[in-house]
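Participant: Structure file query-v4.cif (mmCIF, C-alpha atoms) right here:
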```
data_coords
#
loop_
_atom_site.label_atom_id
_atom_site.label_comp_id
_atom_site.auth_asym_id
_atom_site.auth_seq_id
_atom_site.Cartn_x
_atom_site.Cartn_y
_atom_site.Cartn_z
CA MET A 1 -57.73 27.16 32.05
CA SER A 2 -55.53 29.29 34.25
CA LEU A 3 -52.84 29.37 31.57
CA TRP A 4 -55.40 30.86 29.25
CA THR A 5 -56.41 33.48 31.81
CA THR A 6 -52.81 34.44 32.46
CA LEU A 7 -52.20 34.73 28.74
CA ASN A 8 -55.23 36.91 28.39
CA ARG A 9 -54.21 39.15 31.23
CA VAL A 10 -50.51 39.48 30.46
CA ILE A 11 -50.45 39.53 26.66
CA PHE A 12 -53.74 39.84 24.87
CA LYS A 13 -55.21 42.64 26.89
CA ARG A 14 -52.86 45.36 25.73
CA THR A 15 -52.67 46.16 22.03
CA SER A 16 -48.89 46.58 22.00
CA THR A 17 -48.17 43.17 23.51
CA PHE A 18 -50.94 41.61 21.45
CA VAL A 19 -49.36 42.82 18.19
CA LEU A 20 -45.95 41.74 19.40
CA ALA A 21 -47.30 38.28 20.21
CA GLY A 22 -48.80 38.11 16.70
CA VAL A 23 -45.55 39.04 15.00
CA ALA A 24 -43.43 36.72 17.12
CA GLY A 25 -45.95 33.91 16.66
CA ALA A 26 -45.91 34.37 12.91
CA PHE A 27 -42.11 34.26 12.85
CA PHE A 28 -41.80 31.10 14.89
CA PHE A 29 -44.66 29.39 13.11
CA GLU A 30 -43.16 30.15 9.70
CA ARG A 31 -39.74 28.88 10.78
CA THR A 32 -41.01 25.58 12.22
CA PHE A 33 -43.40 25.03 9.33
CA GLU A 34 -40.76 25.70 6.67
CA VAL A 35 -38.07 23.62 8.35
CA GLY A 36 -40.56 20.82 9.00
CA SER A 37 -41.83 20.72 5.41
CA VAL A 38 -38.32 20.72 3.98
CA ALA A 39 -37.35 17.93 6.37
CA ILE A 40 -40.32 15.83 5.21
CA PHE A 41 -39.47 16.54 1.58
CA GLU A 42 -35.85 15.58 2.05
CA THR A 43 -36.62 12.33 3.89
CA LEU A 44 -39.17 11.31 1.26
CA ASN A 45 -36.62 11.94 -1.50
CA LYS A 46 -33.52 10.73 0.26
CA GLY A 47 -30.79 9.79 -2.20
CA LYS A 48 -32.36 11.56 -5.15
CA LEU A 49 -31.60 15.17 -4.34
CA TRP A 50 -28.53 17.11 -5.38
CA LYS A 51 -27.51 17.57 -1.77
CA ASP A 52 -27.37 13.76 -1.42
CA ILE A 53 -25.02 13.25 -4.38
CA LYS A 54 -22.98 16.43 -4.49
CA HIS A 55 -20.32 15.10 -2.15
CA LYS A 56 -19.21 12.84 -5.00
CA TYR A 57 -18.34 15.78 -7.19
CA GLU A 58 -16.92 18.29 -4.73
CA GLN A 59 -13.26 18.31 -3.92
CA MET B 1 -70.04 34.80 -6.18
CA ALA B 2 -72.05 34.75 -2.99
CA ALA B 3 -74.64 36.91 -4.66
CA ALA B 4 -74.94 34.52 -7.60
CA VAL B 5 -75.21 31.51 -5.31
CA GLY B 6 -77.83 33.33 -3.33
CA ARG B 7 -79.85 34.12 -6.42
CA ILE B 8 -79.79 30.52 -7.58
CA CYS B 9 -80.17 28.65 -4.31
CA GLY B 10 -82.54 31.06 -2.72
CA ALA B 11 -81.40 34.06 -0.74
CA ARG B 12 -82.80 32.45 2.38
CA LEU B 13 -79.77 30.20 2.60
CA LEU B 14 -77.37 33.08 3.15
CA LYS B 15 -79.50 35.19 5.43
CA SER B 16 -78.47 35.67 9.02
CA TYR B 17 -80.35 33.57 11.49
CA GLY B 18 -80.54 36.29 14.10
CA VAL B 19 -84.29 36.12 14.48
CA VAL B 20 -86.12 32.99 15.39
CA GLY B 21 -89.14 33.64 13.17
CA PRO B 22 -87.69 33.02 9.70
CA GLN B 23 -85.69 30.15 11.04
CA VAL B 24 -88.74 28.30 12.20
CA ALA B 25 -90.24 28.84 8.79
CA GLN B 26 -87.06 27.50 7.20
CA LEU B 27 -87.06 24.34 9.27
CA SER B 28 -90.74 23.63 8.91
CA THR B 29 -92.04 21.36 6.21
CA GLN B 30 -94.27 24.13 5.05
CA SER B 31 -91.55 26.22 3.40
CA GLN B 32 -91.91 26.51 -0.33
CA GLY B 33 -89.63 24.62 -2.71
CA TRP B 34 -88.15 26.02 -5.90
CA SER B 35 -90.42 27.83 -8.28
CA ARG B 36 -91.16 26.35 -11.71
CA ASN B 37 -88.95 28.85 -13.50
CA ARG B 38 -85.99 28.21 -11.30
CA LYS B 39 -86.33 24.46 -11.71
CA TRP B 40 -86.51 24.88 -15.47
CA ILE B 41 -83.41 27.10 -15.65
CA LEU B 42 -81.39 24.82 -13.42
CA SER B 43 -82.24 21.64 -15.28
CA THR B 44 -81.48 23.30 -18.63
CA LEU B 45 -78.12 24.46 -17.30
CA GLY B 46 -77.36 20.98 -16.00
CA VAL B 47 -78.24 19.22 -19.23
CA MET B 48 -76.28 21.74 -21.30
CA GLY B 49 -73.19 21.54 -19.08
CA GLY B 50 -73.22 17.75 -19.08
CA GLY B 51 -73.76 17.62 -22.83
CA VAL B 52 -70.89 19.98 -23.64
CA GLY B 53 -68.60 18.02 -21.32
CA ALA B 54 -69.52 14.71 -22.94
CA LEU B 55 -69.03 16.21 -26.41
CA LEU B 56 -65.55 17.51 -25.55
CA PHE B 57 -64.59 14.14 -24.07
CA ALA B 58 -65.86 12.28 -27.16
CA LEU B 59 -64.02 14.67 -29.51
CA GLU B 60 -60.77 14.25 -27.59
CA GLN B 61 -61.09 10.46 -27.65
CA SER B 62 -61.86 10.34 -31.37
CA VAL B 63 -58.83 12.53 -32.13
CA GLN B 64 -56.63 10.16 -30.14
CA ALA B 65 -57.85 7.21 -32.15
CA SER B 66 -57.61 8.92 -35.53
CA GLY B 67 -53.83 8.91 -35.97
CA SER B 68 -51.78 5.97 -37.09
CA GLU B 69 -48.96 6.48 -34.59
CA ALA B 70 -48.48 4.21 -31.58
CA HIS B 71 -49.20 5.75 -28.19
CA PRO B 72 -46.20 5.70 -25.87
CA PRO B 73 -46.57 3.33 -22.93
CA HIS B 74 -46.40 4.88 -19.46
CA GLN B 75 -43.12 4.43 -17.67
CA PRO B 76 -42.70 4.45 -13.89
CA TRP B 77 -40.75 7.72 -13.77
CA ASN B 78 -38.88 8.39 -10.62
CA HIS B 79 -40.27 11.93 -10.39
CA PHE B 80 -43.92 10.99 -10.92
CA GLY B 81 -46.01 11.22 -7.78
CA TRP B 82 -47.13 13.94 -5.43
CA TYR B 83 -43.93 14.24 -3.42
CA GLN B 84 -41.35 12.85 -5.84
CA SER B 85 -38.45 15.11 -6.71
CA PHE B 86 -36.15 14.63 -9.67
CA ASP B 87 -33.52 11.95 -9.42
CA HIS B 88 -30.61 14.36 -9.76
CA ALA B 89 -28.09 11.64 -10.57
CA SER B 90 -30.31 10.79 -13.53
CA VAL B 91 -30.51 14.45 -14.58
CA ARG B 92 -26.74 14.60 -14.54
CA ARG B 93 -26.41 11.48 -16.68
CA GLY B 94 -29.05 12.90 -19.00
CA TYR B 95 -26.96 16.02 -19.48
CA GLU B 96 -24.02 13.79 -20.37
CA VAL B 97 -26.13 12.01 -22.99
CA TYR B 98 -27.28 15.33 -24.42
CA LYS B 99 -23.73 16.59 -24.54
CA GLN B 100 -22.29 13.47 -26.13
CA VAL B 101 -25.10 12.59 -28.53
CA CYS B 102 -27.97 15.01 -29.08
CA LYS B 103 -25.86 18.18 -29.08
CA ALA B 104 -24.55 17.29 -32.53
CA CYS B 105 -27.93 18.21 -34.02
CA HIS B 106 -30.22 19.73 -31.37
CA SER B 107 -29.87 23.10 -29.68
CA LEU B 108 -30.83 23.68 -26.05
CA GLN B 109 -30.82 27.41 -26.29
CA TYR B 110 -32.87 28.32 -23.23
CA ILE B 111 -30.61 26.52 -20.78
CA ALA B 112 -27.57 28.39 -19.46
CA PHE B 113 -24.57 26.79 -17.78
CA ARG B 114 -25.48 28.56 -14.56
CA ASN B 115 -28.75 26.59 -14.51
CA LEU B 116 -26.78 23.39 -13.98
CA VAL B 117 -25.24 24.66 -10.73
CA GLY B 118 -26.81 22.98 -7.74
CA VAL B 119 -28.91 20.72 -9.94
CA SER B 120 -26.51 18.36 -11.66
CA HIS B 121 -23.12 20.04 -11.35
CA THR B 122 -21.09 21.92 -8.79
CA GLU B 123 -20.18 25.49 -9.59
CA ASP B 124 -16.63 24.52 -10.53
CA GLU B 125 -17.83 21.74 -12.80
CA ALA B 126 -20.34 24.02 -14.51
CA LYS B 127 -17.60 26.60 -15.06
CA ALA B 128 -15.44 23.89 -16.61
CA GLU B 129 -18.34 22.81 -18.86
CA ALA B 130 -18.79 26.42 -19.96
CA ALA B 131 -15.09 26.93 -20.58
CA GLU B 132 -15.09 24.01 -23.03
CA VAL B 133 -17.15 25.91 -25.57
CA MET B 134 -16.25 29.00 -27.56
CA VAL B 135 -18.74 31.84 -27.51
CA LYS B 136 -18.93 34.73 -29.92
CA ASP B 137 -18.72 38.04 -28.10
CA GLY B 138 -18.07 41.66 -28.94
CA PRO B 139 -17.65 44.22 -30.24
CA ASP B 140 -14.37 44.93 -28.50
CA GLU B 141 -12.61 48.30 -28.36
CA GLU B 142 -11.74 48.14 -32.04
CA GLY B 143 -15.27 47.09 -32.98
CA ASN B 144 -14.39 43.51 -33.80
CA PHE B 145 -16.31 40.41 -32.74
CA PHE B 146 -14.20 37.76 -31.13
CA GLU B 147 -14.42 34.29 -29.66
CA ARG B 148 -13.88 33.64 -25.98
CA PRO B 149 -14.31 30.63 -23.70
CA GLY B 150 -17.84 30.37 -22.24
CA LYS B 151 -18.82 31.64 -18.81
CA LEU B 152 -21.50 30.49 -16.39
CA SER B 153 -23.90 33.13 -17.71
CA ASP B 154 -23.70 31.87 -21.31
CA TYR B 155 -26.42 29.76 -22.83
CA LEU B 156 -25.64 26.36 -24.31
CA PRO B 157 -24.29 26.81 -27.84
CA SER B 158 -26.39 25.69 -30.79
CA PRO B 159 -24.94 23.25 -33.31
CA TYR B 160 -26.11 25.27 -36.30
CA PRO B 161 -26.07 29.04 -36.80
CA ASN B 162 -29.71 29.10 -37.97
CA GLU B 163 -32.66 26.95 -38.99
CA ASN B 164 -31.74 26.85 -42.68
CA ALA B 165 -28.28 25.53 -41.92
CA ALA B 166 -29.86 22.89 -39.66
CA ARG B 167 -32.28 21.83 -42.40
CA ALA B 168 -29.56 21.73 -45.02
CA ALA B 169 -27.53 19.36 -42.85
CA ASN B 170 -30.48 17.06 -42.06
CA ASN B 171 -32.17 16.31 -45.39
CA GLY B 172 -34.51 19.26 -45.01
CA ALA B 173 -35.80 18.26 -41.56
CA TYR B 174 -35.33 20.65 -38.66
CA PRO B 175 -34.11 19.15 -35.40
CA PRO B 176 -36.22 21.13 -32.91
CA ASP B 177 -34.78 22.92 -29.91
CA LEU B 178 -35.01 20.53 -26.97
CA SER B 179 -35.43 23.08 -24.14
CA TYR B 180 -39.19 22.71 -23.93
CA ILE B 181 -39.70 19.55 -25.94
CA VAL B 182 -41.11 17.53 -23.02
CA SER B 183 -43.81 20.13 -22.42
CA GLY B 184 -44.32 20.54 -26.15
CA ARG B 185 -45.06 16.93 -27.06
CA LYS B 186 -48.06 14.87 -26.10
CA GLY B 187 -46.97 12.13 -23.74
CA GLY B 188 -44.01 14.12 -22.35
CA GLU B 189 -41.08 12.01 -21.23
CA ASP B 190 -42.96 8.80 -22.07
CA TYR B 191 -42.97 9.98 -25.68
CA ILE B 192 -39.27 10.91 -25.69
CA PHE B 193 -38.35 7.52 -24.23
CA ALA B 194 -40.56 5.62 -26.66
CA LEU B 195 -39.27 7.65 -29.60
CA LEU B 196 -35.61 7.11 -28.77
CA THR B 197 -35.97 3.37 -28.16
CA GLY B 198 -38.77 2.63 -30.64
CA TYR B 199 -36.99 2.45 -34.01
CA VAL B 200 -38.02 -0.58 -36.09
CA ASP B 201 -37.76 -1.65 -39.72
CA ALA B 202 -40.43 -0.04 -41.86
CA PRO B 203 -43.39 -2.38 -42.41
CA ALA B 204 -44.10 -3.54 -45.95
CA GLY B 205 -45.75 -0.86 -48.03
CA VAL B 206 -44.34 2.14 -46.18
CA VAL B 207 -42.15 4.22 -48.47
CA LEU B 208 -39.37 6.17 -46.79
CA ARG B 209 -37.61 9.03 -48.50
CA GLU B 210 -33.88 9.57 -48.50
CA GLY B 211 -32.60 9.92 -44.93
CA GLN B 212 -35.85 8.87 -43.28
CA ASN B 213 -36.31 6.14 -40.72
CA TYR B 214 -39.36 4.36 -39.42
CA ASN B 215 -40.54 5.00 -35.89
CA PRO B 216 -44.09 3.99 -34.93
CA TYR B 217 -44.28 6.61 -32.16
CA PHE B 218 -43.55 9.53 -34.49
CA PRO B 219 -46.72 10.95 -36.07
CA GLY B 220 -46.72 9.62 -39.63
CA GLY B 221 -44.02 7.07 -38.87
CA ALA B 222 -41.31 8.49 -41.13
CA ILE B 223 -38.82 10.47 -39.04
CA SER B 224 -35.72 12.19 -40.33
CA MET B 225 -33.75 11.48 -37.16
CA ALA B 226 -31.94 8.16 -37.31
CA GLN B 227 -31.69 5.96 -34.26
CA VAL B 228 -29.00 7.62 -32.15
CA LEU B 229 -28.99 5.63 -28.93
CA TYR B 230 -27.19 2.31 -29.07
CA ASN B 231 -25.58 0.55 -26.13
CA GLU B 232 -22.35 2.38 -25.26
CA ALA B 233 -23.24 5.37 -27.44
CA ALA B 234 -22.33 7.62 -24.52
CA GLU B 235 -20.29 7.30 -21.38
CA PHE B 236 -21.49 8.05 -17.85
CA SER B 237 -19.16 9.68 -15.36
CA ASP B 238 -20.72 7.78 -12.45
CA GLY B 239 -20.01 4.40 -14.00
CA THR B 240 -23.61 3.41 -14.74
CA PRO B 241 -23.69 0.93 -17.64
CA ALA B 242 -24.67 2.95 -20.71
CA THR B 243 -27.38 0.79 -22.22
CA ALA B 244 -29.67 2.35 -24.81
CA SER B 245 -32.70 2.31 -22.51
CA GLN B 246 -30.70 3.72 -19.58
CA MET B 247 -29.56 6.63 -21.76
CA ALA B 248 -33.07 7.21 -23.10
CA LYS B 249 -34.46 7.27 -19.57
CA ASP B 250 -31.78 9.66 -18.34
CA VAL B 251 -32.00 12.04 -21.28
CA ALA B 252 -35.80 12.12 -20.98
CA THR B 253 -35.47 12.95 -17.28
CA PHE B 254 -32.94 15.67 -18.13
CA LEU B 255 -35.22 17.13 -20.79
CA ARG B 256 -38.10 17.13 -18.34
CA TRP B 257 -35.90 19.13 -16.00
CA CYS B 258 -35.14 21.56 -18.86
CA SER B 259 -38.85 22.03 -19.53
CA GLU B 260 -39.84 22.16 -15.90
CA PRO B 261 -36.92 23.09 -13.64
CA GLU B 262 -39.32 24.12 -10.87
CA LEU B 263 -40.63 20.58 -10.38
CA ASP B 264 -38.80 19.97 -7.08
CA GLU B 265 -40.05 23.28 -5.77
CA ARG B 266 -43.62 22.34 -6.68
CA ARG B 267 -43.37 18.99 -4.91
CA LEU B 268 -42.23 20.82 -1.77
CA MET B 269 -45.15 23.21 -2.27
CA THR B 270 -47.54 20.24 -2.29
CA ILE B 271 -46.29 19.15 1.12
CA LYS B 272 -46.62 22.71 2.46
CA ALA B 273 -50.10 23.14 1.00
CA ILE B 274 -51.30 19.90 2.57
CA GLY B 275 -49.90 21.04 5.91
CA ILE B 276 -51.38 24.54 5.84
CA PHE B 277 -54.75 23.49 4.48
CA SER B 278 -55.23 20.75 7.05
CA MET B 279 -54.61 23.33 9.79
CA LEU B 280 -57.05 25.72 8.13
CA ALA B 281 -59.57 22.90 7.78
CA ALA B 282 -59.35 22.29 11.53
CA VAL B 283 -59.98 25.98 12.18
CA VAL B 284 -62.92 26.07 9.80
CA TYR B 285 -64.39 22.94 11.40
CA TYR B 286 -64.11 24.49 14.83
CA MET B 287 -65.68 27.75 13.59
CA LYS B 288 -68.58 25.84 12.09
CA ARG B 289 -69.24 23.92 15.30
CA HIS B 290 -68.95 27.15 17.22
CA LYS B 291 -71.38 29.09 15.04
CA TRP B 292 -73.90 26.29 14.86
CA SER B 293 -73.82 25.42 18.53
CA THR B 294 -76.65 27.86 19.32
CA MET B 295 -78.76 26.48 16.51
CA LYS B 296 -78.14 22.86 17.36
CA SER B 297 -78.98 23.28 21.02
CA ARG B 298 -82.09 25.31 20.35
CA LYS B 299 -85.48 23.84 21.11
CA LEU B 300 -88.43 24.56 18.86
CA ALA B 301 -91.86 24.72 20.33
CA PHE B 302 -94.97 24.45 18.21
CA LYS B 303 -97.84 26.36 19.67
CA PRO B 304 -101.00 26.10 17.60
CA VAL B 305 -102.92 29.31 17.53
CA SER B 306 -106.30 28.51 18.93
CA LYS B 307 -109.20 29.47 16.72
CA LYS B 308 -111.39 31.91 18.49
#
```
Will you turn the file into structure tokens for me?

Facilitator:
Amino acid sequence: MSLWTTLNRVIFKRTSTFVLAGVAGAFFFERTFEVGSVAIFETLNKGKLWKDIKHKYEQ
Amino acid sequence: MAAAVGRICGARLLKSYGVVGPQVAQLSTQSQGWSRNRKWILSTLGVMGGGVGALLFALEQSVQASGSEAHPPHQPWNHFGWYQSFDHASVRRGYEVYKQVCKACHSLQYIAFRNLVGVSHTEDEAKAEAAEVMVKDGPDEEGNFFERPGKLSDYLPSPYPNENAARAANNGAYPPDLSYIVSGRKGGEDYIFALLTGYVDAPAGVVLREGQNYNPYFPGGAISMAQVLYNEAAEFSDGTPATASQMAKDVATFLRWCSEPELDERRLMTIKAIGIFSMLAAVVYYMKRHKWSTMKSRKLAFKPVSKK
């Protein structure tokens, strides 16, 4: 619970840091979510995608 | 929306539960049910909706049974399924089949060479493909039209200058543009595969005109396209044996890509949507528990009013 209290005190109390936390959170969430989804997609379709076969055709 | 729901289900449902009074009334067995009128309207709506649905379903089924053509069997396509992308090796072979066989008669006018880059060909290969064809361009400085080798931005050339020329060369039948054929035909790639591999001798009694062939999957049976896919009719650059069914499968996959190039993107979208919506569902579940916690932990006391 003390982590929560610290967070509240240090970040969420002031509007400027609160907004900053929102923006930074959105950025990192989007990055992890995007990279994670693409990784799942590429493992599920391993061997079928262009990136898996293009090495055969590139010099 | 909320207003309509409220009007139908009773505005009580959407009211705030701030005060205890109405809530007790709501939870008690004494509260009134639906009025006669509302019951009547709702049951009429229900019967009508169900009836129209059943009628549409019956009409659709009867139309399916009314034709004489065979329905294409379902094939286990590699790209069918929630998360399944295209098999890009198959798309590439399909392009080779189109180029070596179908291109003689069918245009593919909405596909440009640049579309192949990163899908079935590298940029250099696509440039080489484009450079093989001659494209009419102009006017130049003297106002003349001229021919030049194709570029990435050019669209695939059509075999005939116009529809009349195409008809004249094919006994009056027009070989349709294949760009959107998979979306444009019932059965999609199943139909293309069945059509290409389904040629048989005409049954007794069926009269074919000059240049027609019999194919049970084609509506009417008499098709002006002869069987084009035989074993070894094309050659694959990756060494896959070019059997007729292999070529039909690959060209159908390729044509599906032409009709729906965003398929891979949509499959990725499915994964993302499942991810995001399960997180949102967790939030909504928590919110619901949170909002209802006061109601669930509330005690109701029944105090009969003593008659004086």

Participant: Select, as a count of residues only, those residues of chain A with any atom no more than 12 Å from chain B (distances computed using all atoms listed in the file).

Facilitator: 30

Participant: For a test of reading the model, state the distance in Å between atom CA of B:Gly138 and atom CA of B:Pro161, rounded to one decimal.

Facilitator: 16.9 Å

Participant: Skip B:Ala112 itself and residues of its chain fewer than 3 positions away, then list as a compact mmCIF listing (two decimals) with C-alpha atoms, keeping the file's coordinate frame all residues within 8 Å of it, counting all atoms listed in the file.

Facilitator:
```txt
# COMPACT_ATOMS: atom_id res chain seq x y z
CA GLN B 109 -30.82 27.41 -26.29
CA ASN B 115 -28.75 26.59 -14.51
CA LEU B 116 -26.78 23.39 -13.98
CA LEU B 152 -21.50 30.49 -16.39
CA SER B 153 -23.90 33.13 -17.71
CA ASP B 154 -23.70 31.87 -21.31
CA TYR B 155 -26.42 29.76 -22.83
CA LEU B 156 -25.64 26.36 -24.31
```

Participant: So, with only C-alpha atoms as the atoms that count, which of B:Leu42, B:Met247, B:Ala281, B:Ala204 lies closest to B:Tyr95?

Facilitator: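 Of B:Leu42, B:Met247, B:Ala281, B:Ala204, the one nearest B:Tyr95 is B:Met247, counting only C-alpha atoms.
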
Participant: As an exercise, work out the distance from atom CA of B:Glu262 to atom CA of B:Arg114 in Å and give it to one decimal place.

Facilitator: 15.0 Å

Participant: So what do you get for atom CA of A:Phe28 versus atom CA of B:Trp82, distance-wise?

Facilitator: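 Computing the Euclidean distance for atom CA of A:Phe28 and atom CA of B:Trp82 yields 27.1 Å.
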
Participant: Given the PyMOL selection byres ((chain B and resi 58-74) around 6) and the file above, list the residues it selects as a VMD selection string.

Facilitator: chain B and resid 55 to 57 75 190 to 191 194 216 to 217 219
